[in-house]
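Here is the file run39.cif (mmCIF, C-alpha atoms).
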```
data_data
#
loop_
_atom_site.label_atom_id
_atom_site.label_comp_id
_atom_site.auth_asym_id
_atom_site.auth_seq_id
_atom_site.Cartn_x
_atom_site.Cartn_y
_atom_site.Cartn_z
CA MET U 17 16.80 16.22 49.41
CA ARG U 18 18.03 12.64 49.86
CA ILE U 19 14.47 11.48 50.48
CA TYR U 20 13.42 13.14 47.25
CA ASN U 21 16.21 11.43 45.25
CA ARG U 22 15.33 8.03 46.70
CA PHE U 23 11.73 8.66 45.75
CA VAL U 24 12.74 9.51 42.19
CA VAL U 25 14.92 6.40 41.88
CA THR U 26 12.12 4.24 43.22
CA ILE U 27 9.63 5.68 40.75
CA LEU U 28 12.07 5.26 37.87
CA PHE U 29 12.68 1.67 38.90
CA LEU U 30 8.98 0.93 39.09
CA GLY U 31 8.49 2.70 35.80
CA GLY U 32 11.12 0.47 34.24
CA VAL U 33 9.40 -2.61 35.58
CA LEU U 34 6.07 -1.43 34.27
CA PHE U 35 7.60 -0.58 30.91
CA THR U 36 9.22 -4.01 30.63
CA PHE U 37 5.92 -5.68 31.51
CA GLY U 38 4.15 -3.63 28.83
CA GLN U 39 6.69 -4.66 26.19
CA THR U 40 6.34 -8.34 27.16
CA ALA U 41 2.55 -8.15 26.88
CA ALA U 42 2.82 -6.42 23.52
CA SER U 43 4.99 -9.26 22.18
CA HIS U 44 1.90 -11.48 22.27
CA ASP U 45 0.33 -9.11 19.77
CA THR U 46 3.21 -9.25 17.27
CA TRP U 47 2.57 -11.09 14.03
CA LYS U 48 4.70 -11.73 10.99
CA VAL U 49 3.03 -10.40 7.87
CA GLY U 50 4.03 -10.37 4.21
CA VAL U 51 2.33 -8.65 1.27
CA ALA U 52 2.88 -8.94 -2.47
CA ARG U 53 1.02 -8.01 -5.65
CA LYS U 54 0.98 -8.89 -9.35
CA ASN U 55 -0.59 -7.17 -12.32
CA ILE U 56 -3.01 -9.68 -13.89
CA THR U 57 -4.36 -7.44 -16.66
CA PRO U 58 -4.57 -9.37 -19.96
CA SER U 59 -2.05 -8.11 -22.52
CA SER U 60 -4.48 -8.37 -25.46
CA PRO U 61 -8.26 -8.16 -26.03
CA VAL U 62 -10.14 -10.94 -24.18
CA TRP U 63 -13.72 -11.97 -23.54
CA MET U 64 -15.01 -10.40 -20.35
CA ALA U 65 -16.84 -12.22 -17.58
CA GLY U 66 -20.28 -11.70 -16.11
CA TYR U 67 -22.78 -10.58 -18.72
CA ALA U 68 -24.58 -12.68 -21.32
CA SER U 69 -25.27 -9.48 -23.27
CA ARG U 70 -21.62 -9.00 -24.29
CA ILE U 71 -20.95 -10.19 -27.84
CA SER U 72 -17.32 -9.15 -28.35
CA PRO U 73 -13.95 -9.04 -26.52
CA SER U 74 -12.57 -6.22 -24.39
CA GLU U 75 -11.58 -2.82 -25.80
CA GLY U 76 -8.83 -1.45 -23.56
CA LYS U 77 -8.98 -0.76 -19.82
CA LEU U 78 -9.97 1.87 -17.28
CA HIS U 79 -7.23 0.69 -14.91
CA ASP U 80 -5.10 -2.38 -14.25
CA LEU U 81 -6.35 -5.53 -12.56
CA TRP U 82 -4.43 -6.95 -9.62
CA ALA U 83 -3.92 -10.07 -7.55
CA LYS U 84 -2.68 -9.26 -4.04
CA ALA U 85 -1.54 -11.53 -1.23
CA LEU U 86 -1.43 -11.19 2.54
CA ALA U 87 0.55 -13.88 4.35
CA LEU U 88 0.04 -14.22 8.12
CA GLU U 89 2.10 -16.00 10.77
CA ASP U 90 1.20 -15.96 14.44
CA ALA U 91 3.42 -16.18 17.51
CA GLU U 92 3.33 -19.99 17.41
CA GLY U 93 4.32 -20.21 13.74
CA ASN U 94 0.85 -20.94 12.32
CA LYS U 95 0.57 -19.53 8.79
CA SER U 96 -2.15 -18.70 6.30
CA ILE U 97 -2.49 -16.72 3.10
CA LEU U 98 -5.28 -14.58 1.68
CA ILE U 99 -5.19 -13.82 -2.05
CA THR U 100 -7.62 -11.27 -3.49
CA MET U 101 -8.20 -10.88 -7.23
CA ASP U 102 -9.92 -8.37 -9.51
CA LEU U 103 -11.80 -11.19 -11.23
CA LEU U 104 -15.39 -12.44 -11.49
CA GLY U 105 -14.52 -15.77 -9.89
CA ILE U 106 -12.55 -18.99 -10.14
CA PRO U 107 -14.07 -22.47 -10.48
CA LYS U 108 -13.31 -25.34 -8.14
CA ASP U 109 -11.07 -27.28 -10.52
CA PHE U 110 -8.77 -24.27 -10.88
CA SER U 111 -8.84 -23.59 -7.14
CA ASP U 112 -8.21 -27.23 -6.21
CA GLN U 113 -5.26 -27.52 -8.56
CA LEU U 114 -3.67 -24.28 -7.37
CA ARG U 115 -4.14 -25.10 -3.70
CA VAL U 116 -2.52 -28.53 -4.19
CA LYS U 117 0.52 -26.81 -5.71
CA ILE U 118 0.65 -24.26 -2.87
CA GLU U 119 0.55 -27.06 -0.30
CA ARG U 120 3.30 -29.03 -2.04
CA LYS U 121 5.58 -26.01 -2.36
CA TYR U 122 4.81 -24.05 0.81
CA GLY U 123 3.16 -26.52 3.19
CA LEU U 124 -0.17 -24.69 3.50
CA ASP U 125 -3.26 -26.90 3.44
CA ASN U 126 -6.76 -25.88 2.29
CA SER U 127 -7.70 -24.47 5.69
CA LYS U 128 -4.86 -21.96 5.43
CA ILE U 129 -5.53 -20.71 1.88
CA ALA U 130 -8.33 -18.31 0.89
CA LEU U 131 -8.66 -17.33 -2.80
CA ASN U 132 -11.18 -14.49 -3.01
CA CYS U 133 -12.46 -12.75 -6.13
CA SER U 134 -14.01 -9.28 -6.13
CA HIS U 135 -16.62 -10.49 -8.65
CA THR U 136 -16.02 -7.55 -10.96
CA HIS U 137 -18.04 -7.95 -14.15
CA SER U 138 -15.31 -6.09 -16.01
CA GLY U 139 -12.54 -8.67 -15.79
CA PRO U 140 -11.47 -11.52 -18.09
CA VAL U 141 -13.14 -14.93 -18.37
CA VAL U 142 -11.17 -17.50 -16.34
CA SER U 143 -11.09 -21.22 -17.10
CA ARG U 144 -14.54 -22.70 -17.74
CA ALA U 145 -16.41 -20.71 -15.10
CA LEU U 146 -19.90 -19.72 -16.32
CA LYS U 147 -19.04 -21.41 -19.60
CA TYR U 148 -22.60 -21.48 -20.95
CA ILE U 149 -23.17 -17.74 -20.66
CA TYR U 150 -20.65 -16.67 -23.31
CA PRO U 151 -21.20 -16.96 -27.10
CA MET U 152 -17.54 -17.87 -27.64
CA GLU U 153 -15.82 -19.93 -30.32
CA ALA U 154 -13.14 -22.61 -29.84
CA ALA U 155 -10.34 -20.11 -30.53
CA ASP U 156 -11.70 -17.82 -27.81
CA TRP U 157 -11.65 -20.66 -25.29
CA LYS U 158 -8.05 -21.45 -26.19
CA GLN U 159 -7.14 -17.88 -25.37
CA VAL U 160 -8.99 -18.20 -22.04
CA ASP U 161 -7.05 -21.38 -21.29
CA ARG U 162 -3.75 -19.61 -21.99
CA TYR U 163 -4.65 -16.73 -19.67
CA THR U 164 -5.81 -19.17 -16.98
CA ALA U 165 -2.49 -21.03 -17.10
CA GLN U 166 -0.60 -17.72 -16.80
CA LEU U 167 -2.82 -16.72 -13.88
CA GLU U 168 -2.09 -19.94 -12.01
CA THR U 169 1.66 -19.39 -12.41
CA MET U 170 1.40 -15.81 -11.20
CA LEU U 171 -0.68 -16.75 -8.14
CA LEU U 172 1.81 -19.46 -7.16
CA GLU U 173 4.67 -16.94 -7.48
CA LEU U 174 2.62 -14.38 -5.54
CA THR U 175 2.26 -16.81 -2.65
CA GLY U 176 6.00 -17.32 -2.46
CA GLU U 177 6.73 -13.59 -2.66
CA SER U 178 4.34 -12.76 0.19
CA LEU U 179 5.90 -15.45 2.40
CA LYS U 180 9.39 -14.07 1.66
CA ASN U 181 8.28 -10.55 2.56
CA MET U 182 7.40 -11.41 6.16
CA GLN U 183 8.03 -8.69 8.75
CA PRO U 184 6.84 -8.03 12.33
CA ALA U 185 3.46 -6.31 12.48
CA ASN U 186 0.36 -5.64 14.53
CA ILE U 187 -3.15 -6.40 13.30
CA TYR U 188 -6.28 -4.39 14.11
CA THR U 189 -9.89 -5.04 13.04
CA LYS U 190 -13.23 -3.23 13.05
CA ASN U 191 -16.45 -2.92 11.04
CA GLY U 192 -17.44 0.28 9.28
CA THR U 193 -20.55 1.14 7.27
CA ALA U 194 -21.40 2.03 3.67
CA ARG U 195 -24.93 2.23 2.28
CA PHE U 196 -24.85 2.14 -1.53
CA GLN U 197 -25.85 -1.54 -1.77
CA VAL U 198 -29.50 -2.10 -2.75
CA ASN U 199 -31.36 -5.41 -2.50
CA ARG U 200 -32.07 -6.03 -6.17
CA ARG U 201 -34.76 -8.65 -5.58
CA ASN U 202 -36.93 -6.31 -3.53
CA ASN U 203 -36.31 -3.02 -5.38
CA LYS U 204 -36.92 -2.58 -9.11
CA GLU U 205 -34.00 -0.73 -10.65
CA GLY U 206 -36.05 1.06 -13.29
CA GLU U 207 -38.51 2.43 -10.74
CA LEU U 208 -36.05 3.90 -8.22
CA THR U 209 -35.85 7.66 -7.72
CA PRO U 210 -33.86 9.71 -5.17
CA SER U 211 -36.90 9.73 -2.89
CA THR U 212 -37.78 6.03 -3.18
CA GLY U 213 -37.79 4.04 0.04
CA LEU U 214 -35.68 0.88 -0.19
CA ASN U 215 -36.52 -2.63 0.98
CA GLY U 216 -34.06 -5.14 2.48
CA PRO U 217 -32.60 -7.36 3.68
CA ASN U 218 -29.17 -5.71 3.69
CA ASP U 219 -25.89 -5.86 5.55
CA TYR U 220 -24.07 -2.54 5.21
CA ALA U 221 -20.96 -3.63 7.13
CA VAL U 222 -17.50 -2.72 5.85
CA PRO U 223 -15.08 -5.14 7.55
CA VAL U 224 -11.57 -3.68 7.85
CA ILE U 225 -8.23 -5.27 8.78
CA LYS U 226 -5.35 -2.86 9.42
CA VAL U 227 -1.78 -4.18 9.33
CA GLU U 228 0.86 -1.93 10.90
CA GLY U 229 4.63 -2.35 11.02
CA GLU U 230 6.65 -2.03 14.23
CA ASP U 231 7.24 1.63 13.38
CA SER U 232 3.44 2.16 13.05
CA SER U 233 3.72 2.42 9.27
CA LEU U 234 0.67 1.15 7.43
CA ILE U 235 1.59 -2.05 5.55
CA ALA U 236 -1.78 -3.29 4.33
CA ILE U 237 -5.49 -2.52 4.44
CA VAL U 238 -7.84 -5.44 3.88
CA PHE U 239 -11.48 -4.45 3.52
CA GLY U 240 -14.72 -5.92 2.25
CA TYR U 241 -18.26 -5.11 1.19
CA ALA U 242 -21.28 -7.17 0.17
CA CYS U 243 -22.38 -5.78 -3.18
CA HIS U 244 -22.17 -6.86 -6.82
CA PRO U 245 -19.50 -4.95 -8.79
CA THR U 246 -21.93 -4.32 -11.63
CA THR U 247 -21.78 -0.55 -11.86
CA LEU U 248 -20.22 -0.98 -15.29
CA SER U 249 -21.20 -3.10 -18.30
CA ILE U 250 -18.93 -1.53 -20.92
CA ASN U 251 -16.23 -3.48 -22.76
CA GLN U 252 -13.30 -1.94 -20.89
CA LEU U 253 -11.43 -3.90 -18.25
CA SER U 254 -11.61 -2.62 -14.67
CA GLY U 255 -12.14 -3.66 -11.08
CA ASP U 256 -15.41 -1.66 -11.00
CA TYR U 257 -16.08 0.12 -7.67
CA PRO U 258 -13.75 -2.23 -5.66
CA GLY U 259 -10.93 -1.37 -8.05
CA PHE U 260 -11.52 2.35 -7.66
CA ALA U 261 -11.74 1.94 -3.87
CA GLN U 262 -8.36 0.21 -3.75
CA ILE U 263 -6.83 2.92 -5.97
CA GLU U 264 -8.24 5.64 -3.71
CA LEU U 265 -6.92 4.05 -0.51
CA GLU U 266 -3.46 3.56 -1.99
CA LYS U 267 -3.46 7.26 -2.93
CA LEU U 268 -4.49 8.23 0.61
CA TYR U 269 -1.87 5.95 2.17
CA PRO U 270 1.18 5.82 -0.16
CA GLY U 271 3.20 2.61 0.07
CA THR U 272 0.25 0.64 1.46
CA THR U 273 -1.30 -2.39 -0.23
CA ALA U 274 -5.11 -2.14 -0.28
CA MET U 275 -6.94 -5.46 -0.74
CA PHE U 276 -10.68 -5.83 -1.34
CA PHE U 277 -12.69 -8.98 -0.61
CA GLN U 278 -16.27 -9.59 -1.71
CA GLY U 279 -18.90 -10.37 0.92
CA ALA U 280 -22.26 -12.14 0.74
CA GLY U 281 -23.67 -9.67 -1.78
CA ALA U 282 -25.21 -11.93 -4.42
CA ASP U 283 -28.58 -10.18 -4.18
CA GLN U 284 -27.15 -6.67 -3.72
CA ASN U 285 -26.45 -4.18 -6.53
CA PRO U 286 -25.01 -0.66 -6.53
CA LEU U 287 -27.93 1.50 -7.60
CA PRO U 288 -28.10 3.65 -9.61
CA ARG U 289 -25.42 2.26 -11.93
CA ARG U 290 -24.17 1.97 -15.56
CA SER U 291 -21.64 4.83 -15.66
CA ILE U 292 -17.95 5.36 -14.97
CA PRO U 293 -18.59 8.39 -12.68
CA LEU U 294 -20.86 6.22 -10.51
CA ALA U 295 -18.21 3.48 -10.27
CA ILE U 296 -15.69 6.10 -9.14
CA GLN U 297 -18.23 7.57 -6.69
CA TYR U 298 -18.96 4.21 -5.06
CA GLY U 299 -15.24 3.46 -4.89
CA LYS U 300 -14.61 6.74 -3.09
CA GLN U 301 -17.58 6.16 -0.76
CA LEU U 302 -16.23 2.77 0.21
CA ALA U 303 -12.71 4.15 0.64
CA ALA U 304 -14.10 6.93 2.87
CA SER U 305 -15.84 4.32 5.02
CA VAL U 306 -12.57 2.42 5.38
CA GLU U 307 -10.69 5.64 6.18
CA ALA U 308 -13.21 6.43 8.94
CA VAL U 309 -12.50 3.04 10.52
CA LEU U 310 -8.72 3.46 10.20
CA SER U 311 -8.92 6.89 11.81
CA GLY U 312 -10.86 5.63 14.83
CA LYS U 313 -10.17 3.10 17.57
CA MET U 314 -9.71 -0.40 16.23
CA ASP U 315 -9.35 -3.69 18.10
CA LEU U 316 -5.75 -4.91 18.47
CA GLN U 317 -5.68 -8.65 17.79
CA GLU U 318 -3.52 -11.09 19.73
CA SER U 319 -1.04 -13.05 17.60
CA LYS U 320 -3.10 -16.22 17.51
CA LEU U 321 -4.39 -17.80 14.30
CA LEU U 322 -6.99 -20.52 13.85
CA ASN U 323 -7.90 -22.02 10.45
CA LYS U 324 -10.62 -24.57 9.66
CA TYR U 325 -11.96 -25.95 6.36
CA ASP U 326 -14.59 -28.42 5.20
CA GLU U 327 -16.50 -29.39 2.10
CA ILE U 328 -20.16 -30.21 2.66
CA ASP U 329 -22.55 -31.89 0.23
CA LEU U 330 -25.21 -29.44 -0.95
CA PRO U 331 -28.27 -31.29 -2.33
CA LEU U 332 -29.71 -30.42 -5.72
CA GLY U 333 -33.39 -30.60 -6.62
CA THR U 334 -34.98 -32.65 -9.38
CA PRO U 335 -33.54 -32.03 -12.87
CA LEU U 336 -35.75 -31.24 -15.83
CA PRO U 337 -36.74 -34.25 -17.95
CA ILE U 338 -34.65 -34.84 -21.07
CA ASN U 339 -37.56 -33.96 -23.37
CA GLN U 340 -37.83 -30.51 -21.73
CA LEU U 341 -34.09 -30.01 -22.05
CA GLU U 342 -34.34 -30.91 -25.74
CA GLU U 343 -37.05 -28.30 -26.19
CA ILE U 344 -34.98 -25.61 -24.43
CA SER U 345 -31.92 -26.55 -26.50
CA LYS U 346 -33.73 -25.48 -29.69
CA GLY U 347 -33.70 -21.85 -28.61
CA ASN U 348 -30.96 -19.22 -28.53
CA GLY U 349 -28.85 -17.80 -25.76
CA TYR U 350 -27.20 -19.25 -22.69
CA GLU U 351 -30.14 -21.42 -21.61
CA ALA U 352 -30.07 -23.24 -24.95
CA ARG U 353 -26.31 -23.79 -24.58
CA TRP U 354 -26.89 -25.03 -21.02
CA ALA U 355 -29.59 -27.49 -22.13
CA LYS U 356 -27.32 -28.90 -24.84
CA GLY U 357 -24.52 -29.26 -22.32
CA MET U 358 -26.79 -31.06 -19.85
CA ILE U 359 -27.98 -33.48 -22.52
CA ASP U 360 -24.37 -34.23 -23.45
CA ASP U 361 -23.48 -34.80 -19.78
CA TYR U 362 -26.41 -37.17 -19.37
CA LYS U 363 -25.44 -39.17 -22.45
CA LYS U 364 -21.85 -39.38 -21.22
CA ASN U 365 -22.51 -40.25 -17.55
CA GLY U 366 -25.98 -41.83 -17.64
CA SER U 367 -27.22 -39.60 -14.82
CA PHE U 368 -27.03 -36.11 -13.32
CA ILE U 369 -25.12 -35.16 -10.19
CA LYS U 370 -27.33 -35.02 -7.09
CA SER U 371 -25.15 -32.87 -4.84
CA TYR U 372 -22.10 -30.62 -4.90
CA PRO U 373 -19.03 -30.50 -2.59
CA TYR U 374 -19.32 -26.95 -1.24
CA PRO U 375 -16.33 -25.29 0.48
CA ILE U 376 -16.74 -23.55 3.84
CA GLN U 377 -13.91 -22.09 5.86
CA TYR U 378 -13.37 -20.34 9.19
CA TRP U 379 -10.47 -18.17 10.28
CA LYS U 380 -9.98 -16.60 13.67
CA ILE U 381 -7.41 -13.81 13.72
CA GLY U 382 -6.90 -13.13 17.39
CA ASN U 383 -10.52 -12.70 18.49
CA GLN U 384 -11.79 -11.71 15.05
CA SER U 385 -14.02 -14.32 13.38
CA LEU U 386 -13.98 -14.58 9.59
CA PHE U 387 -16.53 -16.84 7.86
CA ILE U 388 -15.38 -17.77 4.34
CA MET U 389 -17.73 -19.29 1.77
CA GLY U 390 -17.73 -20.37 -1.86
CA GLY U 391 -20.19 -19.23 -4.50
CA GLU U 392 -22.47 -16.22 -4.90
CA VAL U 393 -23.87 -16.11 -1.38
CA LEU U 394 -27.04 -14.14 -0.63
CA ILE U 395 -27.04 -11.58 2.16
CA SER U 396 -29.33 -13.64 4.41
CA TYR U 397 -26.44 -16.02 5.20
CA ALA U 398 -24.28 -13.17 6.50
CA ILE U 399 -27.20 -11.99 8.65
CA GLN U 400 -27.72 -15.49 10.07
CA LEU U 401 -24.04 -16.05 10.83
CA LYS U 402 -23.85 -12.69 12.61
CA GLU U 403 -26.95 -13.52 14.65
CA LEU U 404 -25.31 -16.79 15.70
CA TYR U 405 -21.71 -15.71 16.20
CA GLY U 406 -21.75 -11.96 16.76
CA GLU U 407 -22.43 -8.76 14.87
CA ASP U 408 -18.69 -8.03 14.66
CA SER U 409 -18.04 -11.17 12.57
CA PHE U 410 -16.62 -10.74 9.07
CA VAL U 411 -18.19 -12.67 6.16
CA MET U 412 -16.33 -13.37 2.93
CA ALA U 413 -17.99 -15.10 -0.06
CA TYR U 414 -16.85 -15.77 -3.66
CA THR U 415 -13.87 -17.68 -2.25
CA ASN U 416 -12.17 -20.85 -3.52
CA ASP U 417 -15.09 -21.66 -5.86
CA ILE U 418 -17.67 -19.76 -7.93
CA VAL U 419 -19.97 -22.81 -7.95
CA ALA U 420 -23.31 -20.92 -8.32
CA TYR U 421 -25.68 -18.66 -6.43
CA ILE U 422 -26.25 -19.80 -2.84
CA PRO U 423 -29.85 -18.73 -2.09
CA SER U 424 -31.84 -19.09 1.10
CA ALA U 425 -34.74 -21.53 1.35
CA ALA U 426 -37.16 -18.59 1.06
CA VAL U 427 -35.56 -17.39 -2.19
CA ILE U 428 -35.61 -20.91 -3.63
CA ASP U 429 -39.35 -20.95 -2.90
CA GLU U 430 -39.84 -17.50 -4.43
CA GLY U 431 -37.93 -18.41 -7.58
CA GLY U 432 -36.53 -15.81 -9.91
CA TYR U 433 -32.97 -15.68 -11.18
CA GLU U 434 -31.14 -16.22 -7.88
CA GLY U 435 -33.44 -18.99 -6.68
CA ASP U 436 -34.44 -20.84 -9.83
CA THR U 437 -32.50 -20.34 -13.06
CA SER U 438 -29.06 -18.92 -12.20
CA GLN U 439 -27.68 -22.43 -11.66
CA ARG U 440 -28.00 -22.95 -15.41
CA VAL U 441 -25.33 -20.31 -15.98
CA TYR U 442 -22.98 -22.42 -13.87
CA GLY U 443 -23.73 -25.74 -15.52
CA LEU U 444 -25.68 -27.37 -12.69
CA PRO U 445 -28.50 -29.71 -13.81
CA ALA U 446 -31.11 -28.35 -11.35
CA LYS U 447 -31.76 -25.65 -8.81
CA TRP U 448 -30.76 -26.26 -5.21
CA ASP U 449 -32.89 -28.20 -2.78
CA LYS U 450 -34.25 -26.00 0.01
CA GLN U 451 -32.22 -28.00 2.53
CA ILE U 452 -29.01 -26.25 1.48
CA GLU U 453 -29.71 -23.49 4.00
CA PRO U 454 -29.75 -25.68 7.14
CA VAL U 455 -26.95 -27.81 5.65
CA ILE U 456 -24.68 -24.76 5.38
CA ILE U 457 -25.56 -23.30 8.79
CA ASN U 458 -25.18 -26.71 10.48
CA GLY U 459 -21.96 -27.20 8.52
CA TYR U 460 -20.54 -24.12 10.21
CA LYS U 461 -21.79 -25.24 13.62
CA ASN U 462 -20.02 -28.57 13.17
CA LEU U 463 -16.87 -26.92 11.82
CA LEU U 464 -16.56 -24.60 14.80
CA GLU U 465 -17.18 -27.44 17.24
CA LYS U 466 -14.34 -29.57 15.83
#
```

Represent the supplied structure as structure tokens.
Amino acid sequence: MRIYNRFVVTILFLGGVLFTFGQTAASHDTWKVGVARKNITPSSPVWMAGYASRISPSEGKLHDLWAKALALEDAEGNKSILITMDLLGIPKDFSDQLRVKIERKYGLDNSKIALNCSHTHSGPVVSRALKYIYPMEAADWKQVDRYTAQLETMLLELTGESLKNMQPANIYTKNGTARFQVNRRNNKEGELTPSTGLNGPNDYAVPVIKVEGEDSSLIAIVFGYACHPTTLSINQLSGDYPGFAQIELEKLYPGTTAMFFQGAGADQNPLPRRSIPLAIQYGKQLAASVEAVLSGKMDLQESKLLNKYDEIDLPLGTPLPINQLEEISKGNGYEARWAKGMIDDYKKNGSFIKSYPYPIQYWKIGNQSLFIMGGEVLISYAIQLKELYGEDSFVMAYTNDIVAYIPSAAVIDEGGYEGDTSQRVYGLPAKWDKQIEPVIINGYKNLLEK
């Protein structure tokens, strides 16, 4: 009997040692995380972003638009903040100004701030982004400027609120899958039927970040997808399918903040499209994909944060001669407005810009790589980065700057909207030089080597 009792005591003692060791190891996985959200729905009718075909302001809403923040702090005190917005995009001047204010107030430099937009085509126009696409009057632009100023104030407040809301948490990551994106360059929308075979390239990944409190409560779900939110083209404000996906996840997990980020989906559309039921369907499909990931085994990430940022010069091609611009300016529509704007710029500056300072960013959350890019990035960049750095990598585009489409060298050669003329929407004087592809990929190689 005594031998038995000694045996029990010994086992209990060893169990205590093992338990203590387990707790110590787990402490390396503990983060501090804060979330916050603000309603950014315009309070009155506004011009909506994304389509040149719209000729009047918004007429109500399907649901509210949100800006949401996730603040991270690792075991060594390194911090960063991700802000997601139900907006088409923000231009670099707005982003630069806001990030300067965040750094002054909260001490976070550009490497630690990521401002991502869902790219919904059912949100308000912000600042002067895509300024040539909209047939707006001076009074309309004043209203845009007022909303933009309010947005900046709200995003600065949102940053502070998320940092104040810090609490201990664990972070898990994993990729899921959803297959409603269709490569719009290689599949004609009007010719697709339920039995049509689809052509790529595609990246169907659904990156998911799960944030759990110490009591295993679900604090936040951050998820992405690479597909244009262009299911809807009506004049009612909404987040399109990403908005419906966030709503669905917050219904499934009450008290949780669901945050969507847009991937490298510049050449991907949800097809079929053009109806509210389809937007809801795609939102539910995406939410179901996220739920499948959350319900399975995810990778627990060590409390270690790495943030890197750079701006690389992307070369532009040869601009059109002034006489051709003058001819285009005589027409109607956004290309005529663009040509007039380019002529005015040339008269003012005496030349056209030859390159653009393009933002690239890299975060490593534990062992999870996150590649963060500005502009409307085509899917081929996500594929290349995953080939180089691992299939499990996350890719986030439409962040910190909505400069223009970022096509591959092959697409620039092929032409079409993404490769040839889309830059006019964004006010660039020429399409990109084909060298932008190796410049971006080498830019990431250099960034990761620093």

| said: Using all atoms listed in the file, which protein or nucleic acid residues come within 12 Å of Lys267 of chain U? Drop anything in the same chain fewer than 5 positions from it, and give the result as a PyMOL selection string. | reply: chain U and resi 260-262+272-274+300+303+307

| message | Show me, as a list of chain:residue names, the residues that have an atom within 12 Å of Tyr269 of chain U when counting all atoms listed in the file, minus same-chain residues fewer than 4 positions from it. | response | U:Lys226, U:Ser233, U:Leu234, U:Ile235, U:Ala236, U:Ile237, U:Gln262, U:Ile263, U:Glu264, U:Leu265, U:Thr273, U:Ala274, U:Ala303, U:Val306, U:Glu307, U:Leu310, U:Ser311

| said: For this structure, which residues satisfy the selection - the PyMOL selection byres ((chain U and resi 207-217) around 10) - when it is evaluated on the file as given? I want them as a PyMOL selection string. | reply: chain U and resi 197-206+218-220+283-284+287-288+394-396+399

| field | Length of the atom CA of Ala52 of chain U to atom CA of Ser178 of chain U vector [Å] | value |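 Straight-line distance from atom CA of Ala52 of chain U to atom CA of Ser178 of chain U works out to 4.9 Å.
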
| message | For this structure, which residues satisfy the selection - the PyMOL selection byres ((chain U and resi 81-96) around 7) - when it is evaluated on the file as given? I want them as a PyMOL selection string. | response | chain U and resi 44+46-57+79-80+97-102+124+128-129+174-175+178-179+254-255+275+319-321
